[in-house]
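Below: input39.cif (mmCIF, C-alpha atoms)
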data_entry
loop_
_atom_site.group_PDB
_atom_site.id
_atom_site.type_symbol
_atom_site.label_atom_id
_atom_site.label_comp_id
_atom_site.auth_asym_id
_atom_site.auth_seq_id
_atom_site.Cartn_x
_atom_site.Cartn_y
_atom_site.Cartn_z
ATOM 1 C CA MET A 1 -52.451 -24.354 -32.800
ATOM 2 C CA LYS A 2 -54.361 -23.641 -29.608
ATOM 3 C CA THR A 3 -53.604 -27.147 -28.343
ATOM 4 C CA ILE A 4 -49.892 -26.734 -29.010
ATOM 5 C CA ALA A 5 -49.898 -23.372 -27.250
ATOM 6 C CA ARG A 6 -51.691 -24.847 -24.262
ATOM 7 C CA THR A 7 -49.294 -27.809 -24.108
ATOM 8 C CA LEU A 8 -46.336 -25.446 -24.219
ATOM 9 C CA MET A 9 -47.808 -23.320 -21.440
ATOM 10 C CA ILE A 10 -48.424 -26.334 -19.239
ATOM 11 C CA THR A 11 -44.883 -27.595 -19.897
ATOM 12 C CA ALA A 12 -43.450 -24.168 -19.093
ATOM 13 C CA ALA A 13 -45.491 -23.970 -15.886
ATOM 14 C CA ALA A 14 -44.336 -27.462 -14.883
ATOM 15 C CA LEU A 15 -40.725 -26.457 -15.488
ATOM 16 C CA LEU A 16 -41.169 -23.358 -13.334
ATOM 17 C CA VAL A 17 -42.602 -25.445 -10.507
ATOM 18 C CA SER A 18 -40.106 -28.282 -10.727
ATOM 19 C CA ALA A 19 -36.929 -26.233 -11.306
ATOM 20 C CA PRO A 20 -34.893 -26.675 -8.135
ATOM 21 C CA SER A 21 -33.803 -23.477 -6.415
ATOM 22 C CA TRP A 22 -30.141 -24.347 -6.878
ATOM 23 C CA ALA A 23 -30.863 -24.284 -10.615
ATOM 24 C CA GLN A 24 -28.461 -21.414 -11.197
ATOM 25 C CA PHE A 25 -25.791 -23.971 -10.239
ATOM 26 C CA ALA A 26 -25.077 -27.101 -12.264
ATOM 27 C CA LYS A 27 -25.558 -29.260 -9.145
ATOM 28 C CA PRO A 28 -26.326 -28.719 -5.437
ATOM 29 C CA GLU A 29 -22.670 -29.445 -4.533
ATOM 30 C CA ASP A 30 -21.654 -26.408 -6.592
ATOM 31 C CA ALA A 31 -24.038 -24.238 -4.576
ATOM 32 C CA VAL A 32 -22.506 -25.501 -1.314
ATOM 33 C CA LYS A 33 -18.991 -24.875 -2.618
ATOM 34 C CA TYR A 34 -19.969 -21.463 -3.957
ATOM 35 C CA ARG A 35 -21.349 -20.146 -0.680
ATOM 36 C CA LYS A 36 -18.425 -21.554 1.329
ATOM 37 C CA ASN A 37 -15.903 -20.065 -1.068
ATOM 38 C CA ALA A 38 -17.620 -16.683 -1.136
ATOM 39 C CA LEU A 39 -17.817 -16.643 2.679
ATOM 40 C CA PHE A 40 -14.103 -17.516 2.933
ATOM 41 C CA VAL A 41 -13.117 -14.713 0.560
ATOM 42 C CA MET A 42 -15.362 -12.346 2.514
ATOM 43 C CA GLN A 43 -13.958 -13.479 5.853
ATOM 44 C CA GLN A 44 -10.351 -13.072 4.730
ATOM 45 C CA ASN A 45 -11.021 -9.497 3.674
ATOM 46 C CA PHE A 46 -13.060 -8.678 6.758
ATOM 47 C CA GLY A 47 -10.421 -10.342 8.957
ATOM 48 C CA ARG A 48 -7.762 -8.020 7.566
ATOM 49 C CA VAL A 49 -9.705 -4.960 8.713
ATOM 50 C CA ALA A 50 -10.679 -6.615 12.004
ATOM 51 C CA ALA A 51 -7.002 -7.338 12.738
ATOM 52 C CA MET A 52 -6.222 -3.643 12.286
ATOM 53 C CA ALA A 53 -9.178 -2.688 14.483
ATOM 54 C CA ALA A 54 -7.939 -5.053 17.187
ATOM 55 C CA GLY A 55 -4.404 -3.656 17.017
ATOM 56 C CA LYS A 56 -3.091 -7.024 15.775
ATOM 57 C CA ALA A 57 -1.956 -5.509 12.465
ATOM 58 C CA PRO A 58 -0.669 -2.008 11.705
ATOM 59 C CA PHE A 59 -3.430 0.298 10.502
ATOM 60 C CA ASP A 60 -3.211 0.923 6.764
ATOM 61 C CA ALA A 61 -6.158 3.066 5.634
ATOM 62 C CA LYS A 62 -5.768 2.090 1.970
ATOM 63 C CA VAL A 63 -5.693 -1.655 2.648
ATOM 64 C CA ALA A 64 -8.559 -1.288 5.136
ATOM 65 C CA LEU A 65 -10.751 0.430 2.542
ATOM 66 C CA GLU A 66 -9.873 -2.061 -0.172
ATOM 67 C CA SER A 67 -10.540 -5.015 2.133
ATOM 68 C CA ALA A 68 -13.825 -3.581 3.440
ATOM 69 C CA THR A 69 -14.973 -2.904 -0.142
ATOM 70 C CA ASN A 70 -14.155 -6.495 -1.115
ATOM 71 C CA ALA A 71 -15.876 -7.916 1.979
ATOM 72 C CA GLU A 72 -18.996 -5.838 1.342
ATOM 73 C CA PHE A 73 -19.236 -6.918 -2.304
ATOM 74 C CA VAL A 74 -18.477 -10.602 -1.790
ATOM 75 C CA GLY A 75 -20.745 -10.650 1.286
ATOM 76 C CA LYS A 76 -23.721 -10.247 -1.058
ATOM 77 C CA LEU A 77 -22.986 -13.445 -2.969
ATOM 78 C CA PRO A 78 -23.410 -16.500 -0.698
ATOM 79 C CA TRP A 79 -27.144 -16.143 -0.077
ATOM 80 C CA ALA A 80 -28.339 -17.176 -3.540
ATOM 81 C CA ALA A 81 -26.601 -20.500 -2.899
ATOM 82 C CA PHE A 82 -28.739 -21.521 0.092
ATOM 83 C CA GLY A 83 -31.613 -22.803 -2.039
ATOM 84 C CA GLU A 84 -33.760 -25.814 -1.182
ATOM 85 C CA GLY A 85 -31.913 -29.089 -1.716
ATOM 86 C CA THR A 86 -28.515 -27.653 -0.740
ATOM 87 C CA ASP A 87 -28.687 -28.828 2.877
ATOM 88 C CA LYS A 88 -26.646 -31.989 2.272
ATOM 89 C CA GLY A 89 -23.016 -32.810 1.593
ATOM 90 C CA ASP A 90 -19.903 -31.036 2.834
ATOM 91 C CA THR A 91 -21.703 -28.325 4.787
ATOM 92 C CA LYS A 92 -22.137 -27.149 8.374
ATOM 93 C CA ALA A 93 -25.457 -25.541 7.488
ATOM 94 C CA LYS A 94 -28.167 -26.373 10.041
ATOM 95 C CA PRO A 95 -31.648 -27.484 8.841
ATOM 96 C CA GLU A 96 -33.006 -24.338 10.566
ATOM 97 C CA ILE A 97 -31.757 -22.324 7.570
ATOM 98 C CA TRP A 98 -34.596 -23.846 5.580
ATOM 99 C CA THR A 99 -37.166 -24.235 8.367
ATOM 100 C CA ASP A 100 -36.671 -20.684 9.652
ATOM 101 C CA LYS A 101 -35.792 -18.972 6.380
ATOM 102 C CA ALA A 102 -37.198 -15.596 7.489
ATOM 103 C CA LYS A 103 -34.842 -15.386 10.439
ATOM 104 C CA PHE A 104 -31.902 -16.604 8.346
ATOM 105 C CA ASN A 105 -32.594 -13.979 5.686
ATOM 106 C CA GLU A 106 -32.921 -11.312 8.376
ATOM 107 C CA TYR A 107 -29.489 -12.250 9.750
ATOM 108 C CA ALA A 108 -27.955 -12.296 6.282
ATOM 109 C CA GLU A 109 -29.384 -8.855 5.530
ATOM 110 C CA LYS A 110 -28.239 -7.477 8.874
ATOM 111 C CA MET A 111 -24.680 -8.609 8.132
ATOM 112 C CA GLN A 112 -24.734 -6.982 4.707
ATOM 113 C CA ALA A 113 -26.076 -3.741 6.188
ATOM 114 C CA GLU A 114 -23.257 -3.663 8.759
ATOM 115 C CA MET A 115 -20.733 -4.359 5.976
ATOM 116 C CA VAL A 116 -21.981 -1.258 4.155
ATOM 117 C CA LYS A 117 -21.343 0.756 7.340
ATOM 118 C CA LEU A 118 -17.856 -0.727 7.602
ATOM 119 C CA THR A 119 -16.980 0.485 4.108
ATOM 120 C CA VAL A 120 -18.300 3.952 5.051
ATOM 121 C CA ALA A 121 -16.114 3.884 8.172
ATOM 122 C CA ALA A 122 -13.097 2.701 6.143
ATOM 123 C CA LYS A 123 -13.668 5.574 3.695
ATOM 124 C CA SER A 124 -13.490 8.019 6.589
ATOM 125 C CA GLY A 125 -10.080 6.586 7.480
ATOM 126 C CA ASN A 126 -10.985 6.956 11.159
ATOM 127 C CA LEU A 127 -9.743 3.927 13.100
ATOM 128 C CA ASP A 128 -12.229 4.456 15.951
ATOM 129 C CA SER A 129 -15.156 4.347 13.491
ATOM 130 C CA ILE A 130 -13.645 1.241 11.921
ATOM 131 C CA LYS A 131 -13.406 -0.402 15.355
ATOM 132 C CA VAL A 132 -17.111 0.230 16.004
ATOM 133 C CA ALA A 133 -18.076 -1.049 12.556
ATOM 134 C CA THR A 134 -15.939 -4.211 12.694
ATOM 135 C CA GLY A 135 -17.463 -4.959 16.109
ATOM 136 C CA ALA A 136 -20.951 -4.669 14.640
ATOM 137 C CA VAL A 137 -20.119 -6.894 11.646
ATOM 138 C CA GLY A 138 -18.445 -9.446 13.917
ATOM 139 C CA GLY A 139 -21.592 -9.540 16.031
ATOM 140 C CA THR A 140 -23.730 -10.391 13.014
ATOM 141 C CA CYS A 141 -21.317 -13.188 11.989
ATOM 142 C CA LYS A 142 -21.496 -14.672 15.469
ATOM 143 C CA SER A 143 -25.262 -14.534 15.935
ATOM 144 C CA CYS A 144 -25.864 -16.164 12.533
ATOM 145 C CA HIS A 145 -23.232 -18.858 13.138
ATOM 146 C CA ASP A 146 -24.653 -19.571 16.610
ATOM 147 C CA ALA A 147 -28.139 -20.051 15.194
ATOM 148 C CA PHE A 148 -27.482 -21.610 11.812
ATOM 149 C CA ARG A 149 -24.038 -23.242 11.682
ATOM 150 C CA GLN A 150 -23.121 -26.571 13.256
ATOM 151 C CA MET B 151 17.911 7.075 23.060
ATOM 152 C CA LYS B 152 19.670 7.271 19.693
ATOM 153 C CA THR B 153 20.838 3.667 20.034
ATOM 154 C CA ILE B 154 17.320 2.466 20.806
ATOM 155 C CA ALA B 155 15.954 4.391 17.835
ATOM 156 C CA ARG B 156 18.610 2.907 15.571
ATOM 157 C CA THR B 157 17.928 -0.622 16.853
ATOM 158 C CA LEU B 158 14.209 -0.145 16.240
ATOM 159 C CA MET B 159 14.848 1.128 12.721
ATOM 160 C CA ILE B 160 17.082 -1.827 11.892
ATOM 161 C CA THR B 161 14.494 -4.235 13.303
ATOM 162 C CA ALA B 162 11.753 -2.541 11.291
ATOM 163 C CA ALA B 163 13.851 -2.698 8.109
ATOM 164 C CA ALA B 164 14.595 -6.383 8.725
ATOM 165 C CA LEU B 165 10.883 -7.067 9.170
ATOM 166 C CA LEU B 166 10.102 -5.266 5.927
ATOM 167 C CA VAL B 167 12.681 -7.352 4.094
ATOM 168 C CA SER B 168 11.754 -10.672 5.656
ATOM 169 C CA ALA B 169 7.955 -10.292 5.594
ATOM 170 C CA PRO B 170 6.777 -12.974 3.174
ATOM 171 C CA SER B 171 4.599 -11.808 0.318
ATOM 172 C CA TRP B 172 1.681 -13.914 1.525
ATOM 173 C CA ALA B 173 1.831 -11.779 4.681
ATOM 174 C CA GLN B 174 -1.662 -10.424 4.108
ATOM 175 C CA PHE B 175 -2.750 -14.012 4.790
ATOM 176 C CA ALA B 176 -2.208 -15.753 8.129
ATOM 177 C CA LYS B 177 -0.439 -18.629 6.359
ATOM 178 C CA PRO B 178 0.451 -19.636 2.766
ATOM 179 C CA GLU B 179 -2.343 -22.259 2.771
ATOM 180 C CA ASP B 180 -4.859 -19.445 3.259
ATOM 181 C CA ALA B 181 -3.483 -17.677 0.186
ATOM 182 C CA VAL B 182 -3.871 -20.859 -1.879
ATOM 183 C CA LYS B 183 -7.417 -21.369 -0.601
ATOM 184 C CA TYR B 184 -8.263 -17.705 -1.161
ATOM 185 C CA ARG B 185 -7.236 -17.635 -4.820
ATOM 186 C CA LYS B 186 -8.938 -20.975 -5.552
ATOM 187 C CA ASN B 187 -12.128 -19.835 -3.830
ATOM 188 C CA ALA B 188 -12.163 -16.473 -5.599
ATOM 189 C CA LEU B 189 -11.538 -18.162 -8.970
ATOM 190 C CA PHE B 190 -14.397 -20.610 -8.346
ATOM 191 C CA VAL B 191 -16.826 -17.814 -7.462
ATOM 192 C CA MET B 192 -15.673 -15.922 -10.552
ATOM 193 C CA GLN B 193 -15.995 -19.003 -12.777
ATOM 194 C CA GLN B 194 -19.502 -19.790 -11.551
ATOM 195 C CA ASN B 195 -20.654 -16.285 -12.392
ATOM 196 C CA PHE B 196 -18.846 -16.196 -15.724
ATOM 197 C CA GLY B 197 -20.154 -19.681 -16.519
ATOM 198 C CA ARG B 198 -23.725 -18.472 -16.077
ATOM 199 C CA VAL B 199 -23.254 -15.820 -18.771
ATOM 200 C CA ALA B 200 -21.247 -18.171 -20.974
ATOM 201 C CA ALA B 201 -24.081 -20.735 -20.838
ATOM 202 C CA MET B 202 -26.493 -18.072 -22.087
ATOM 203 C CA ALA B 203 -24.049 -17.052 -24.801
ATOM 204 C CA ALA B 204 -23.753 -20.690 -25.909
ATOM 205 C CA GLY B 205 -27.534 -21.147 -25.958
ATOM 206 C CA LYS B 206 -27.319 -23.708 -23.146
ATOM 207 C CA ALA B 207 -29.400 -21.513 -20.829
ATOM 208 C CA PRO B 208 -32.210 -19.095 -21.673
ATOM 209 C CA PHE B 209 -30.954 -15.522 -22.043
ATOM 210 C CA ASP B 210 -31.885 -13.378 -19.047
ATOM 211 C CA ALA B 211 -30.395 -9.900 -19.421
ATOM 212 C CA LYS B 212 -30.737 -9.082 -15.705
ATOM 213 C CA VAL B 213 -29.030 -12.282 -14.534
ATOM 214 C CA ALA B 214 -26.362 -11.885 -17.231
ATOM 215 C CA LEU B 215 -25.515 -8.360 -16.044
ATOM 216 C CA GLU B 216 -25.490 -9.360 -12.386
ATOM 217 C CA SER B 217 -23.284 -12.393 -13.096
ATOM 218 C CA ALA B 218 -20.886 -10.424 -15.302
ATOM 219 C CA THR B 219 -20.598 -7.710 -12.646
ATOM 220 C CA ASN B 220 -19.822 -10.347 -10.003
ATOM 221 C CA ALA B 221 -17.288 -12.102 -12.242
ATOM 222 C CA GLU B 222 -15.545 -8.813 -13.039
ATOM 223 C CA PHE B 223 -15.291 -7.800 -9.380
ATOM 224 C CA VAL B 224 -14.235 -11.189 -8.001
ATOM 225 C CA GLY B 225 -11.830 -11.635 -10.932
ATOM 226 C CA LYS B 226 -9.663 -8.892 -9.435
ATOM 227 C CA LEU B 227 -9.096 -10.739 -6.171
ATOM 228 C CA PRO B 228 -7.065 -13.942 -6.773
ATOM 229 C CA TRP B 229 -3.851 -12.271 -7.921
ATOM 230 C CA ALA B 230 -2.746 -10.881 -4.559
ATOM 231 C CA ALA B 231 -2.701 -14.486 -3.344
ATOM 232 C CA PHE B 232 0.009 -15.693 -5.747
ATOM 233 C CA GLY B 233 2.870 -14.365 -3.618
ATOM 234 C CA GLU B 234 6.237 -16.071 -3.208
ATOM 235 C CA GLY B 235 6.015 -19.145 -0.978
ATOM 236 C CA THR B 236 2.489 -20.048 -2.095
ATOM 237 C CA ASP B 237 3.613 -22.572 -4.720
ATOM 238 C CA LYS B 238 3.165 -25.591 -2.445
ATOM 239 C CA GLY B 239 0.227 -27.531 -1.036
ATOM 240 C CA ASP B 240 -3.157 -28.192 -2.583
ATOM 241 C CA THR B 241 -2.566 -26.257 -5.778
ATOM 242 C CA LYS B 242 -2.278 -26.852 -9.519
ATOM 243 C CA ALA B 243 -0.173 -23.711 -9.905
ATOM 244 C CA LYS B 244 2.902 -24.331 -12.075
ATOM 245 C CA PRO B 245 6.325 -23.029 -10.938
ATOM 246 C CA GLU B 246 6.318 -20.843 -14.070
ATOM 247 C CA ILE B 247 3.946 -18.467 -12.253
ATOM 248 C CA TRP B 248 6.901 -17.392 -10.143
ATOM 249 C CA THR B 249 9.680 -17.838 -12.700
ATOM 250 C CA ASP B 250 7.801 -15.984 -15.433
ATOM 251 C CA LYS B 251 5.864 -13.536 -13.281
ATOM 252 C CA ALA B 252 5.706 -10.877 -16.008
ATOM 253 C CA LYS B 253 3.876 -13.190 -18.403
ATOM 254 C CA PHE B 254 1.574 -14.440 -15.643
ATOM 255 C CA ASN B 255 0.678 -10.869 -14.646
ATOM 256 C CA GLU B 256 0.094 -9.971 -18.291
ATOM 257 C CA TYR B 257 -2.349 -12.890 -18.638
ATOM 258 C CA ALA B 258 -4.106 -11.981 -15.400
ATOM 259 C CA GLU B 259 -4.492 -8.370 -16.540
ATOM 260 C CA LYS B 260 -5.730 -9.423 -19.970
ATOM 261 C CA MET B 261 -8.446 -11.544 -18.350
ATOM 262 C CA GLN B 262 -9.550 -8.670 -16.136
ATOM 263 C CA ALA B 263 -9.643 -6.308 -19.127
ATOM 264 C CA GLU B 264 -11.865 -8.732 -21.060
ATOM 265 C CA MET B 265 -14.112 -9.098 -17.998
ATOM 266 C CA VAL B 266 -14.638 -5.320 -18.015
ATOM 267 C CA LYS B 267 -15.714 -5.580 -21.671
ATOM 268 C CA LEU B 268 -18.101 -8.410 -20.779
ATOM 269 C CA THR B 269 -19.839 -6.225 -18.196
ATOM 270 C CA VAL B 270 -20.134 -3.459 -20.802
ATOM 271 C CA ALA B 271 -21.662 -5.978 -23.227
ATOM 272 C CA ALA B 272 -24.033 -7.266 -20.536
ATOM 273 C CA LYS B 273 -25.113 -3.684 -19.812
ATOM 274 C CA SER B 274 -26.030 -3.283 -23.483
ATOM 275 C CA GLY B 275 -28.295 -6.306 -23.182
ATOM 276 C CA ASN B 276 -27.219 -7.372 -26.675
ATOM 277 C CA LEU B 277 -26.706 -11.142 -26.802
ATOM 278 C CA ASP B 278 -24.399 -10.960 -29.828
ATOM 279 C CA SER B 279 -22.075 -8.559 -27.996
ATOM 280 C CA ILE B 280 -22.187 -10.854 -24.972
ATOM 281 C CA LYS B 281 -21.234 -13.822 -27.184
ATOM 282 C CA VAL B 282 -18.165 -11.980 -28.477
ATOM 283 C CA ALA B 283 -17.160 -10.886 -24.978
ATOM 284 C CA THR B 284 -17.597 -14.317 -23.363
ATOM 285 C CA GLY B 285 -15.496 -15.803 -26.165
ATOM 286 C CA ALA B 286 -12.722 -13.322 -25.435
ATOM 287 C CA VAL B 287 -12.824 -13.959 -21.683
ATOM 288 C CA GLY B 288 -12.866 -17.717 -22.263
ATOM 289 C CA GLY B 289 -9.790 -17.383 -24.445
ATOM 290 C CA THR B 290 -7.874 -15.619 -21.661
ATOM 291 C CA CYS B 291 -8.878 -18.346 -19.162
ATOM 292 C CA LYS B 292 -7.612 -21.041 -21.525
ATOM 293 C CA SER B 293 -4.288 -19.437 -22.449
ATOM 294 C CA CYS B 294 -3.440 -18.804 -18.795
ATOM 295 C CA HIS B 295 -4.481 -22.330 -17.722
ATOM 296 C CA ASP B 296 -2.487 -23.851 -20.589
ATOM 297 C CA ALA B 297 0.640 -21.988 -19.556
ATOM 298 C CA PHE B 298 0.371 -21.862 -15.781
ATOM 299 C CA ARG B 299 -1.938 -24.606 -14.483
ATOM 300 C CA GLN B 300 -1.068 -28.278 -14.173
#

This entry written out as structure tokens:
Amino acid sequence: MKTIARTLMITAAALLVSAPSWAQFAKPEDAVKYRKNALFVMQQNFGRVAAMAAGKAPFDAKVALESATNAEFVGKLPWAAFGEGTDKGDTKAKPEIWTDKAKFNEYAEKMQAEMVKLTVAAKSGNLDSIKVATGAVGGTCKSCHDAFRQ
Amino acid sequence: MKTIARTLMITAAALLVSAPSWAQFAKPEDAVKYRKNALFVMQQNFGRVAAMAAGKAPFDAKVALESATNAEFVGKLPWAAFGEGTDKGDTKAKPEIWTDKAKFNEYAEKMQAEMVKLTVAAKSGNLDSIKVATGAVGGTCKSCHDAFRQ
């Protein structure tokens, strides 16, 4: 009984060690697709608010709030899909994402924090606040893309 | 002054009439990409819970709740991207989506309603409830795909 228990424990430990970090996806390609798709959905929603902030679209407080809320929520999703082994295939991700993970995570968190502020600004319905917040979010997109996207 | 005002009003009215229903997207292709991307992100999250429900993945109540919450939220997004004029391009959408819009909307709403129930089940942490709820969601996916996807 003890031997079986020990064997099971060793097997379980081996599984924990060898499970790839894209394991929540069926294959690494799914992880790549997932993060790209989530980022596109986020960008489309953010872009709608940014267009209003830039005076390129008429300001609609309701649409701005809805879009900011969507962008904030979906902006949380891509990061779980940047696990080890997902650096290949149809991706513009630079190797630095995995060699400088701390900086990448910092950038990802900064973006999400600015997205939270954008939703707060959109709730206020004040276009000037929204302009400031979209500028801050846009800055986090750019700095991360400059450092980590080909 | 009156003439200018009238001209502006007519122009505005014409714009309202002629604005395509994918107007919240820069171009129809973006709408197609948006709905496909949102559906993929939804499916990946739903699939994670469904795998647990089917015994194909170990049950993790925390991951199940997180995934169900994501699937419910993202499952609200694709529908705004099925506007008129988005029936072409890289899409499996059948023309019936636009000729039988009422039925399509009914299916889309049914799916979202079942997703809400799945999150409730995931909150309970009861695997049997989650099994029932994933079955119901899966059924709404299938009936809509059968009717409206090539």

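The residues returned by the PyMOL selection byres ((chain A) within 7 of (chain B)) on the shown structure are A:Tyr34, A:Asn37, A:Ala38, A:Val41.
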
Mobile chain B fitted to chain A over all in-order Cα pairs, reported as a short mmCIF file (atom, residue, chain, number, x, y, z; two decimals) with C-alpha atoms, in the coordinates of the input:
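Listed below is the output, part.cif:
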data_model
loop_
_atom_site.label_atom_id
_atom_site.label_comp_id
_atom_site.auth_asym_id
_atom_site.auth_seq_id
_atom_site.Cartn_x
_atom_site.Cartn_y
_atom_site.Cartn_z
CA MET B 151 -52.03 -25.28 -33.26
CA LYS B 152 -54.03 -24.37 -30.16
CA THR B 153 -53.38 -27.81 -28.67
CA ILE B 154 -49.65 -27.50 -29.26
CA ALA B 155 -49.63 -24.05 -27.69
CA ARG B 156 -51.54 -25.33 -24.68
CA THR B 157 -49.19 -28.32 -24.29
CA LEU B 158 -46.19 -25.99 -24.45
CA MET B 159 -47.71 -23.69 -21.84
CA ILE B 160 -48.42 -26.57 -19.48
CA THR B 161 -44.88 -27.90 -19.96
CA ALA B 162 -43.45 -24.44 -19.32
CA ALA B 163 -45.57 -24.04 -16.17
CA ALA B 164 -44.48 -27.48 -14.94
CA LEU B 165 -40.84 -26.54 -15.50
CA LEU B 166 -41.31 -23.31 -13.56
CA VAL B 167 -42.83 -25.22 -10.67
CA SER B 168 -40.33 -28.07 -10.65
CA ALA B 169 -37.16 -26.04 -11.26
CA PRO B 170 -35.15 -26.44 -8.07
CA SER B 171 -34.06 -23.26 -6.36
CA TRP B 172 -30.39 -24.11 -6.84
CA ALA B 173 -31.16 -24.00 -10.58
CA GLN B 174 -28.76 -21.13 -11.14
CA PHE B 175 -26.09 -23.69 -10.25
CA ALA B 176 -25.42 -26.81 -12.33
CA LYS B 177 -25.86 -28.99 -9.24
CA PRO B 178 -26.56 -28.50 -5.50
CA GLU B 179 -22.90 -29.26 -4.67
CA ASP B 180 -21.91 -26.20 -6.71
CA ALA B 181 -24.25 -24.05 -4.62
CA VAL B 182 -22.68 -25.35 -1.41
CA LYS B 183 -19.17 -24.74 -2.76
CA TYR B 184 -20.16 -21.30 -4.04
CA ARG B 185 -21.48 -20.02 -0.72
CA LYS B 186 -18.53 -21.47 1.23
CA ASN B 187 -16.05 -19.96 -1.22
CA ALA B 188 -17.74 -16.55 -1.20
CA LEU B 189 -17.88 -16.57 2.62
CA PHE B 190 -14.17 -17.45 2.82
CA VAL B 191 -13.21 -14.62 0.45
CA MET B 192 -15.42 -12.27 2.46
CA GLN B 193 -13.96 -13.46 5.78
CA GLN B 194 -10.37 -13.05 4.61
CA ASN B 195 -11.04 -9.46 3.60
CA PHE B 196 -13.03 -8.67 6.73
CA GLY B 197 -10.37 -10.38 8.85
CA ARG B 198 -7.72 -8.05 7.45
CA VAL B 199 -9.63 -4.99 8.68
CA ALA B 200 -10.56 -6.68 11.95
CA ALA B 201 -6.88 -7.43 12.63
CA MET B 202 -6.09 -3.73 12.20
CA ALA B 203 -9.00 -2.80 14.45
CA ALA B 204 -7.72 -5.21 17.12
CA GLY B 205 -4.18 -3.83 16.88
CA LYS B 206 -2.90 -7.18 15.59
CA ALA B 207 -1.82 -5.63 12.28
CA PRO B 208 -0.53 -2.13 11.56
CA PHE B 209 -3.31 0.21 10.43
CA ASP B 210 -3.15 0.89 6.69
CA ALA B 211 -6.09 3.05 5.64
CA LYS B 212 -5.77 2.12 1.94
CA VAL B 213 -5.69 -1.64 2.59
CA ALA B 214 -8.52 -1.29 5.13
CA LEU B 215 -10.75 0.47 2.59
CA GLU B 216 -9.93 -1.99 -0.17
CA SER B 217 -10.57 -4.97 2.12
CA ALA B 218 -13.82 -3.53 3.47
CA THR B 219 -15.03 -2.81 -0.06
CA ASN B 220 -14.24 -6.39 -1.09
CA ALA B 221 -15.91 -7.84 2.01
CA GLU B 222 -19.03 -5.74 1.44
CA PHE B 223 -19.33 -6.77 -2.21
CA VAL B 224 -18.58 -10.47 -1.75
CA GLY B 225 -20.81 -10.55 1.35
CA LYS B 226 -23.82 -10.11 -0.94
CA LEU B 227 -23.13 -13.28 -2.90
CA PRO B 228 -23.53 -16.37 -0.65
CA TRP B 229 -27.25 -16.01 0.02
CA ALA B 230 -28.50 -16.99 -3.44
CA ALA B 231 -26.77 -20.33 -2.86
CA PHE B 232 -28.87 -21.37 0.16
CA GLY B 233 -31.78 -22.62 -1.95
CA GLU B 234 -33.93 -25.63 -1.10
CA GLY B 235 -32.10 -28.91 -1.70
CA THR B 236 -28.69 -27.50 -0.76
CA ASP B 237 -28.81 -28.72 2.84
CA LYS B 238 -26.79 -31.88 2.15
CA GLY B 239 -23.16 -32.69 1.41
CA ASP B 240 -20.03 -30.96 2.64
CA THR B 241 -21.78 -28.28 4.65
CA LYS B 242 -22.15 -27.14 8.26
CA ALA B 243 -25.49 -25.50 7.44
CA LYS B 244 -28.15 -26.36 10.03
CA PRO B 245 -31.65 -27.43 8.88
CA GLU B 246 -32.97 -24.31 10.65
CA ILE B 247 -31.77 -22.26 7.66
CA TRP B 248 -34.65 -23.74 5.69
CA THR B 249 -37.17 -24.16 8.51
CA ASP B 250 -36.64 -20.63 9.83
CA LYS B 251 -35.82 -18.88 6.57
CA ALA B 252 -37.18 -15.52 7.75
CA LYS B 253 -34.76 -15.36 10.67
CA PHE B 254 -31.87 -16.55 8.51
CA ASN B 255 -32.60 -13.88 5.89
CA GLU B 256 -32.88 -11.25 8.62
CA TYR B 257 -29.42 -12.22 9.94
CA ALA B 258 -27.95 -12.23 6.44
CA GLU B 259 -29.37 -8.77 5.75
CA LYS B 260 -28.16 -7.43 9.10
CA MET B 261 -24.62 -8.58 8.28
CA GLN B 262 -24.72 -6.91 4.88
CA ALA B 263 -26.03 -3.68 6.43
CA GLU B 264 -23.17 -3.64 8.95
CA MET B 265 -20.69 -4.32 6.12
CA VAL B 266 -21.95 -1.19 4.35
CA LYS B 267 -21.27 0.78 7.55
CA LEU B 268 -17.78 -0.72 7.75
CA THR B 269 -16.97 0.54 4.25
CA VAL B 270 -18.24 3.99 5.25
CA ALA B 271 -16.00 3.87 8.34
CA ALA B 272 -13.03 2.71 6.24
CA LYS B 273 -13.64 5.61 3.84
CA SER B 274 -13.40 8.02 6.77
CA GLY B 275 -9.98 6.58 7.59
CA ASN B 276 -10.82 6.89 11.29
CA LEU B 277 -9.56 3.84 13.18
CA ASP B 278 -12.00 4.33 16.06
CA SER B 279 -14.96 4.28 13.66
CA ILE B 280 -13.49 1.18 12.02
CA LYS B 281 -13.22 -0.50 15.45
CA VAL B 282 -16.90 0.13 16.14
CA ALA B 283 -17.92 -1.10 12.69
CA THR B 284 -15.80 -4.27 12.77
CA GLY B 285 -17.27 -5.07 16.19
CA ALA B 286 -20.78 -4.75 14.78
CA VAL B 287 -20.00 -6.92 11.75
CA GLY B 288 -18.31 -9.51 13.96
CA GLY B 289 -21.41 -9.63 16.13
CA THR B 290 -23.62 -10.43 13.13
CA CYS B 291 -21.22 -13.22 12.03
CA LYS B 292 -21.36 -14.76 15.50
CA SER B 293 -25.13 -14.60 16.02
CA CYS B 294 -25.78 -16.18 12.62
CA HIS B 295 -23.14 -18.91 13.14
CA ASP B 296 -24.51 -19.65 16.62
CA ALA B 297 -28.01 -20.10 15.27
CA PHE B 298 -27.43 -21.63 11.85
CA ARG B 299 -24.00 -23.28 11.65
CA GLN B 300 -23.06 -26.63 13.16
#

(message) Assuming the chain letters and numbering stay as they are in my file, what does the PyMOL selection byres ((chain A and resi 90) around 10) actually select? List them as an MDAnalysis selection string.
(response) chainID A and resid 29 32:33 36 86:89 91:93

(message) Once the PyMOL selection byres ((chain B and resi 199) around 9) is applied to the coordinates I shared, what remains selected? I want it as a VMD selection string.
(response) chain B and resid 195 to 198 200 to 204 207 209 to 210 213 to 215 217 to 218 272 280 to 281 284
